[in-house]
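Single-structure report; data block below.
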Amino acid sequence: MDRAIALSLAEEDQNKGKAIDNDYSLEEDEQLARALQESLNTESPPRQNVPVENVPSNTFAAKEPPPQVFPSSGLRTCAGCQNPIGHGRFLSCMGSVWHPQCFRCFACNKPISEYEFAMHEDQPYHRSCYKEFFHPKCDVCNNFIPTNRNGLIEYRAHPFWMQKYCPFHEDDGTPRCCSCERMEPTETKYITLDDGRKLCLECLNSAIMDTPECQHLYMDIQEFFEGLNMKVEQQVPLLLVERQALNEAMETEKNGHHLPETRGLCLSEEQIVKTILRRPTIGPGNRIIDMITGPYKLSRWCEVTAILILYGLPRLQTGSILAHEMMHAYLRLKGYRNLSPEVEEGICQVLSHMWLESEIILGSHGNAASASSSSSSAPTSSKKGAKTEFEKKLGAFIKHQIETDSSEAYGDGFRAGNHAVECYGLRRTLDHIKITGSFP
């Protein structure tokens, strides 16, 4: 009996020891499980897309929760250095665990300890570093574009050039280039023409400033028309004029359909026009000085007395305006009468567009001409050699303006005329216009 009691007591003591060991192990496992659960259950606030240009679509700025700090049992591996966490503190964020000193900004490589940080292509950034690298700057004032009341970046942009700028620059008097329409940056001084127009330095580089300088371009466009079997036999004077002279001539002129800001004019009336005789120079403050003008008497010995073009525009823009006005002259001299604004301005815009294509897209006048006439020769440009990248871009911009014009006469007229020329050819389209007064 005594022996049975002793064996029973010994077994009970042994079971108590096992229970103590099991309880201790269970307590440690429960602590580890709680730590993992807290890490996994921590909810991140929703991430908001930031509409930043030149940042990939999978880029976002995120307010992440504060990196969770837990005691380690030494069973984890750091996502930064790939070494065991050890028996110390660690961070839990981005679905991984890190040594506090290993969770670093991808830009400056310094540890991130702030409550909020940003993400870009799955890499963490300090918010200040993210702003410096990815927050858009204004192309006018060069400051960071401010956020609106909803915390979103809001800016304006030119639809073609994509020049980004703060919204308030639209109302603060910031000037635009009269040719390419880009806003003047604060660190760049545009040229001021005598009539108040502003001209950027890239457009100034090829700007035509006086009547003698424009004659070479005039001959180029006359050759372009000849290549289309549309030679203008009459010697129509071409004059480069200031805006005031152009406006005065437009008031005297009885014929034509003109935009609110006219840059070219085909005249049919006798009058005296003040033309620019010598290229002006650039004086203090980037202002045009030493403009020399003189009177030119227009005599009516045919249906067209002169073509006037506004001075100070780049060669491609001057040429596109000149091609448009040359087509007006051709229609009048060849007996196209009583055309509606949509038809007359539309077909003139088609010729302007064709000349631009020959200069920029096809590279020579003869290519455009041969595309429209099998008997055309191949005239060459007076400005031989490749266009600069800016000239190519400017030519594409002027074409874009013609193609997207919203006015009824110039825009809808061009699109109808261009469609007719693409379907029936230029010659058949002109014949149909002469007989019916409309596009085929």
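Each chain in the structure tokens gets a letter, A, B and so on, in the order shown; residues start at 1 in every chain, and ligands are counted from 1 in the order they appear.
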Region 123-125 of chain A environment, 6 Å, only C-alpha atoms, sequence neighbours closer than 5 positions dropped, as a VMD selection string: chain A and resid 105 to 106 117 to 118 130
DSSP-assigned helix (DSSP H, G or I) members of region 224-282 of chain A, reported as a list in words: Phe224, Phe225, Glu226, Gly227, Arg243, Gln244, Ala245, Leu246, Asn247, Glu248, Ala249, Met250, Glu251 and Thr252 of chain A
I'd like the neighbourhood of Gln271 (chain A) as an mmCIF file with all heavy atoms, in the first residue's frame, where a residue qualifies if any of its atoms comes within 10 Å (using only C-alpha atoms), though same-chain residues fewer than 6 positions away should be ignored.
```cif
data_model
loop_
_atom_site.group_PDB
_atom_site.id
_atom_site.type_symbol
_atom_site.label_atom_id
_atom_site.label_comp_id
_atom_site.auth_asym_id
_atom_site.auth_seq_id
_atom_site.Cartn_x
_atom_site.Cartn_y
_atom_site.Cartn_z
ATOM 1 N N ALA A 249 -5.406 98.964 -93.268
ATOM 2 C CA ALA A 249 -5.680 98.448 -94.609
ATOM 3 C C ALA A 249 -6.936 97.581 -94.611
ATOM 4 O O ALA A 249 -7.715 97.594 -95.571
ATOM 5 C CB ALA A 249 -4.476 97.651 -95.110
ATOM 6 N N THR A 252 -10.032 99.663 -94.848
ATOM 7 C CA THR A 252 -10.251 100.207 -96.188
ATOM 8 C C THR A 252 -10.742 99.149 -97.148
ATOM 9 O O THR A 252 -11.537 99.418 -98.050
ATOM 10 C CB THR A 252 -8.934 100.822 -96.718
ATOM 11 O OG1 THR A 252 -8.462 101.800 -95.788
ATOM 12 C CG2 THR A 252 -9.140 101.481 -98.073
ATOM 13 N N GLU A 253 -10.280 97.897 -96.948
ATOM 14 C CA GLU A 253 -10.622 96.804 -97.849
ATOM 15 C C GLU A 253 -12.100 96.445 -97.739
ATOM 16 O O GLU A 253 -12.655 96.309 -96.651
ATOM 17 C CB GLU A 253 -9.756 95.583 -97.533
ATOM 18 C CG GLU A 253 -9.933 94.430 -98.467
ATOM 19 C CD GLU A 253 -9.420 94.698 -99.870
ATOM 20 O OE1 GLU A 253 -8.692 95.694 -100.068
ATOM 21 O OE2 GLU A 253 -9.757 93.923 -100.769
ATOM 22 N N TYR A 296 4.020 102.935 -99.402
ATOM 23 C CA TYR A 296 3.977 102.189 -100.663
ATOM 24 C C TYR A 296 2.591 102.381 -101.260
ATOM 25 O O TYR A 296 1.592 102.005 -100.648
ATOM 26 C CB TYR A 296 4.256 100.696 -100.414
ATOM 27 C CG TYR A 296 4.487 99.892 -101.670
ATOM 28 C CD1 TYR A 296 5.759 99.558 -102.090
ATOM 29 C CD2 TYR A 296 3.396 99.454 -102.433
ATOM 30 C CE1 TYR A 296 5.977 98.806 -103.239
ATOM 31 C CE2 TYR A 296 3.589 98.710 -103.580
ATOM 32 C CZ TYR A 296 4.881 98.395 -103.984
ATOM 33 O OH TYR A 296 5.084 97.653 -105.126
ATOM 34 N N LYS A 297 2.538 102.970 -102.465
ATOM 35 C CA LYS A 297 1.252 103.242 -103.112
ATOM 36 C C LYS A 297 0.818 102.028 -103.929
ATOM 37 O O LYS A 297 1.559 101.542 -104.786
ATOM 38 C CB LYS A 297 1.358 104.475 -104.010
ATOM 39 C CG LYS A 297 0.048 104.837 -104.706
ATOM 40 C CD LYS A 297 0.187 106.111 -105.492
ATOM 41 C CE LYS A 297 -1.097 106.405 -106.281
ATOM 42 N NZ LYS A 297 -2.281 106.503 -105.414
ATOM 43 N N LEU A 298 -0.371 101.527 -103.643
ATOM 44 C CA LEU A 298 -0.913 100.381 -104.351
ATOM 45 C C LEU A 298 -1.796 100.853 -105.499
ATOM 46 O O LEU A 298 -2.690 101.687 -105.303
ATOM 47 C CB LEU A 298 -1.740 99.504 -103.406
ATOM 48 C CG LEU A 298 -1.021 99.001 -102.146
ATOM 49 C CD1 LEU A 298 -1.971 98.156 -101.305
ATOM 50 C CD2 LEU A 298 0.215 98.194 -102.514
ATOM 51 N N SER A 299 -1.524 100.337 -106.707
ATOM 52 C CA SER A 299 -2.303 100.688 -107.893
ATOM 53 C C SER A 299 -3.115 99.481 -108.328
ATOM 54 O O SER A 299 -2.617 98.349 -108.339
ATOM 55 C CB SER A 299 -1.374 101.140 -109.032
ATOM 56 O OG SER A 299 -0.608 102.272 -108.628
ATOM 57 N N ARG A 300 -4.332 99.726 -108.715
ATOM 58 C CA ARG A 300 -5.226 98.632 -109.112
ATOM 59 C C ARG A 300 -5.147 98.433 -110.618
ATOM 60 O O ARG A 300 -5.815 99.109 -111.395
ATOM 61 C CB ARG A 300 -6.658 98.950 -108.680
ATOM 62 C CG ARG A 300 -7.644 97.828 -108.992
ATOM 63 C CD ARG A 300 -9.056 98.204 -108.571
ATOM 64 N NE ARG A 300 -10.016 97.234 -109.025
ATOM 65 C CZ ARG A 300 -10.350 96.124 -108.372
ATOM 66 N NH1 ARG A 300 -9.786 95.865 -107.215
ATOM 67 N NH2 ARG A 300 -11.237 95.291 -108.868
ATOM 68 N N THR A 305 -4.254 93.981 -105.521
ATOM 69 C CA THR A 305 -3.283 95.077 -105.499
ATOM 70 C C THR A 305 -2.050 94.754 -104.654
ATOM 71 O O THR A 305 -0.969 95.272 -104.925
ATOM 72 C CB THR A 305 -3.932 96.364 -104.959
ATOM 73 O OG1 THR A 305 -4.481 96.102 -103.654
ATOM 74 C CG2 THR A 305 -5.055 96.826 -105.887
ATOM 75 N N ALA A 306 -2.168 93.911 -103.611
ATOM 76 C CA ALA A 306 -1.004 93.571 -102.780
ATOM 77 C C ALA A 306 -1.398 92.486 -101.785
ATOM 78 O O ALA A 306 -2.585 92.240 -101.533
ATOM 79 C CB ALA A 306 -0.473 94.791 -102.037
#
```
Which of region 211-343 of chain A fall in strand (DSSP E), as an NGL selection string: :A and (238-241 or 264-267 or 272-278 or 281-282 or 288-289 or 292-297 or 306-310 or 313-314)
Spatial neighbours of region 141-144 of chain A, max dist 6 Å, only C-alpha atoms, sep filter under 3 positions, as a list of chain:residue names: A:Lys137, A:Cys138, A:Thr186
Take the residues just selected and output them with N, CA, C and O atoms as an mmCIF file, in the first residue's frame.
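Result went into out-v9.cif, see below:
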```cif
data_model
loop_
_atom_site.group_PDB
_atom_site.id
_atom_site.type_symbol
_atom_site.label_atom_id
_atom_site.label_comp_id
_atom_site.auth_asym_id
_atom_site.auth_seq_id
_atom_site.Cartn_x
_atom_site.Cartn_y
_atom_site.Cartn_z
ATOM 1 N N LYS A 137 6.782 71.093 -61.039
ATOM 2 C CA LYS A 137 7.093 72.516 -60.865
ATOM 3 C C LYS A 137 6.479 73.311 -62.007
ATOM 4 O O LYS A 137 6.333 72.824 -63.129
ATOM 5 N N CYS A 138 6.145 74.549 -61.712
ATOM 6 C CA CYS A 138 5.566 75.451 -62.703
ATOM 7 C C CYS A 138 6.644 75.824 -63.720
ATOM 8 O O CYS A 138 7.752 76.217 -63.345
ATOM 9 N N THR A 186 9.819 83.222 -65.897
ATOM 10 C CA THR A 186 10.374 84.348 -65.148
ATOM 11 C C THR A 186 11.860 84.530 -65.405
ATOM 12 O O THR A 186 12.369 85.655 -65.350
#
```
Atomic separation - CA of Thr275 (chain A) relative to CA of Thr293 (chain A), Å: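 CA of Thr293 (chain A) sits 5.4 Å away from CA of Thr275 (chain A).
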Given only C-alpha atoms as the counted atoms, nearest of A:Thr211, A:Phe225, A:Arg332, A:Met250 to Leu426 (chain A):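 Smallest separation from Leu426 (chain A) among the options: A:Phe225.
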Separation of CA of Leu308 (chain A) from CA of Asp210 (chain A), in Å and rounded to one decimal: 11.6 Å
Residues within 6 Å of region 342-355 of chain A, only C-alpha atoms, excluding chain neighbours under 6 positions, as an NGL selection string: :A and (320 or 323-324 or 327 or 409-410 or 413-414 or 417-418)
Those residues you just picked out, can you put them in a file as a compact mmCIF listing (two decimals), in the first residue's frame with C-alpha atoms?
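The result, written out as part_32.txt:
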```txt
# COMPACT_ATOMS: atom_id res chain seq x y z
CA SER A 320 1.65 79.52 -93.85
CA ALA A 323 0.28 80.60 -98.73
CA HIS A 324 -3.24 81.31 -97.42
CA MET A 327 -4.68 81.30 -102.53
CA ALA A 409 -15.25 79.53 -91.79
CA TYR A 410 -11.64 78.63 -91.03
CA GLY A 413 -14.25 75.13 -93.94
CA PHE A 414 -10.78 73.59 -93.77
CA GLY A 417 -12.11 71.32 -98.08
CA ASN A 418 -9.40 68.94 -96.93
```
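You can rank A:Thr436, A:Ser128, A:Gln215, A:Thr147 by their closest distance to Leu239 (chain A) using only C-alpha atoms, and at the top of that list sits A:Gln215.
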Separation of CA of Ser438 (chain A) from CA of Met230 (chain A), in Å and rounded to one decimal: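 CA of Ser438 (chain A) sits 19.2 Å away from CA of Met230 (chain A).
Of the residues listed (A:Pro314, A:Pro440, A:Pro175, A:Pro159), A:Pro440 shows the shortest atom-to-atom separation from Ala416 (chain A); distances use only C-alpha atoms.
Using only C-alpha atoms, the smallest distance between any of A:Ala396, A:Ile433, A:Cys266, A:Ile221 and Trp161 (chain A) comes from A:Ala396.
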Best match for closeness to Cys178 (chain A) among A:Leu199, A:Ile191, A:Ile321, A:Leu246, counting only C-alpha atoms: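 With only C-alpha atoms as the atom set, the closest residue is A:Leu199.
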